[in-house]
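First the structure, in the form of structure tokens, and then the observations on it.
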Amino acid sequence: MFTGLIQQLGVVIRQGSSTLTIDAGSLASSCRLGESVAVSGVCLTVVDISPPRVAMDLLKETLERTNLGLLKPGDIVNLEPALKVGGELGGHFVTGHVDGEGKLISRRKSGRDWIFRLELPSGLEKYMVEKGSITIEGVSLTIAEVAGKIVSVHIIPHTFSNTNLKEKQEGSLLNIEADLLGKYVVNFLEKRDGSSSLIDRSFLEERGFI
């Protein structure tokens, strides 16, 4: 389990068909074999440590559902170690199980902040609620607006400067994880009512979920 608060930026050294090796900086020294680390939002297991290098196994499922297969040497990735018992939950509950890749269709400056608009993979829009949570590249963010498959998020200067979001250009594919609680709510309602076609903000408010 993670929180979506990035603690370190890593640099890709090598991306193979089954292993990802990154320069994890100071984070490598605190890693242990078998531990989980979120790499741009993807939960991976540490299999080799040679500080500052860390290697993690990649599964076919991971390569198919995330953008890790597109990585090349020199690319920047967001790193977060797993949440420790008693640790502070400053973001929201993040599993590291990416639901799909969202396409960055626009990014623009708004005062000191940045506004990103993303097109979601089909099926994820039902989990999106205005002022709800979303994880983008492992970063815990608040949804500012939902319009069908398009979501907008505002990114504060600190987050923009200290994550790989500053590197992402229009057209980039970004790892997306929908809010865990939202998934359970939708799943419950689908099983109870047989359909999620009527699930919107008003529907959830009437039933006390938000």
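The way I read the labels, and the way they are meant: chains A, B, ... in the order of the structure tokens, residue 1 as the first residue of every chain, and ligand 1 as the first ligand shown, with later ones counted on from there.
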Residues near Pro51 of chain A, cut-off 7 Å, only C-alpha atoms, skip fewer than 3 positions along chain, as a list in words: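 Near Pro51 of chain A, the qualifying residues are Ala28, Ser29 and Val54 of chain A.
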Keeping only N, CA and C atoms, write the selected residues to a file as an mmCIF file, in the first residue's frame.
```cif
data_model
loop_
_atom_site.group_PDB
_atom_site.id
_atom_site.type_symbol
_atom_site.label_atom_id
_atom_site.label_comp_id
_atom_site.auth_asym_id
_atom_site.auth_seq_id
_atom_site.Cartn_x
_atom_site.Cartn_y
_atom_site.Cartn_z
ATOM 1 N N ALA A 28 17.830 3.848 -2.576
ATOM 2 C CA ALA A 28 18.358 2.493 -2.756
ATOM 3 C C ALA A 28 18.934 1.934 -1.463
ATOM 4 N N SER A 29 19.566 2.777 -0.668
ATOM 5 C CA SER A 29 20.214 2.320 0.565
ATOM 6 C C SER A 29 19.219 1.824 1.602
ATOM 7 N N VAL A 54 18.835 -0.107 -8.285
ATOM 8 C CA VAL A 54 17.845 -1.063 -7.793
ATOM 9 C C VAL A 54 17.210 -1.728 -9.011
#
```
Find the spatial neighbours of Gly123 of chain A, counting only C-alpha atoms, within a cut-off of 10 Å - ignore same-chain residues fewer than 2 positions away - and output them as a ChimeraX atom specification. /A:99-100,120-121,125-127,149
Any chance you could export the current selection's N, CA and C atoms as a compact mmCIF listing (two decimals), in the first residue's frame?
```txt
# COMPACT_ATOMS: atom_id res chain seq x y z
N ASP A 99 -4.66 0.81 -13.38
CA ASP A 99 -5.84 0.39 -14.14
C ASP A 99 -5.67 0.56 -15.64
N GLY A 100 -4.79 1.45 -16.05
CA GLY A 100 -4.58 1.69 -17.48
C GLY A 100 -3.79 2.97 -17.71
N LEU A 120 -9.20 9.26 -20.34
CA LEU A 120 -9.08 7.99 -19.64
C LEU A 120 -9.32 6.81 -20.55
N PRO A 121 -8.79 5.64 -20.20
CA PRO A 121 -9.15 4.42 -20.91
C PRO A 121 -10.64 4.13 -20.69
N GLU A 125 -14.04 5.91 -16.43
CA GLU A 125 -14.76 7.15 -16.15
C GLU A 125 -15.80 6.97 -15.03
N LYS A 126 -16.32 5.76 -14.86
CA LYS A 126 -17.36 5.56 -13.84
C LYS A 126 -16.82 5.68 -12.42
N TYR A 127 -15.49 5.62 -12.28
CA TYR A 127 -14.89 5.75 -10.95
C TYR A 127 -14.52 7.18 -10.61
N LYS A 149 -15.03 10.94 -20.48
CA LYS A 149 -13.75 10.26 -20.30
C LYS A 149 -12.61 11.24 -20.05
```
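Among the candidates A:Val12, A:Ile134, A:Leu83, A:Met128, the one nearest to Ala147 of chain A when counting only C-alpha atoms is A:Met128.
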Apply DSSP to the backbone of this structure and, from chain A, keep only the residues in strand (DSSP E or B); write these as a ChimeraX atom specification. /A:2,8-15,19-23,36-39,42-50,53-57,76-81,94,100-110,113-119,133-136,139-147,150-155,173-178
Name the closest residue to Ser36 of chain A among the candidates A:Leu104, A:Leu79, A:Val151, A:Leu59; distances are taken between atoms, counting only C-alpha atoms.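 Among the listed residues, A:Leu79 lies closest to Ser36 of chain A.
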Rank A:Val129, A:Ile6, A:Val153, A:Leu20 by their smallest atom-to-atom distance to Lys72 of chain A, using only C-alpha atoms, and report the top residue only.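 Closest candidate: A:Leu20.
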Would you mind reading off the distance between atom CA of Gly132 of chain A and atom CA of Val185 of chain A, one decimal, in Å?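 Rounded to one decimal, the two atoms are 12.7 Å apart.
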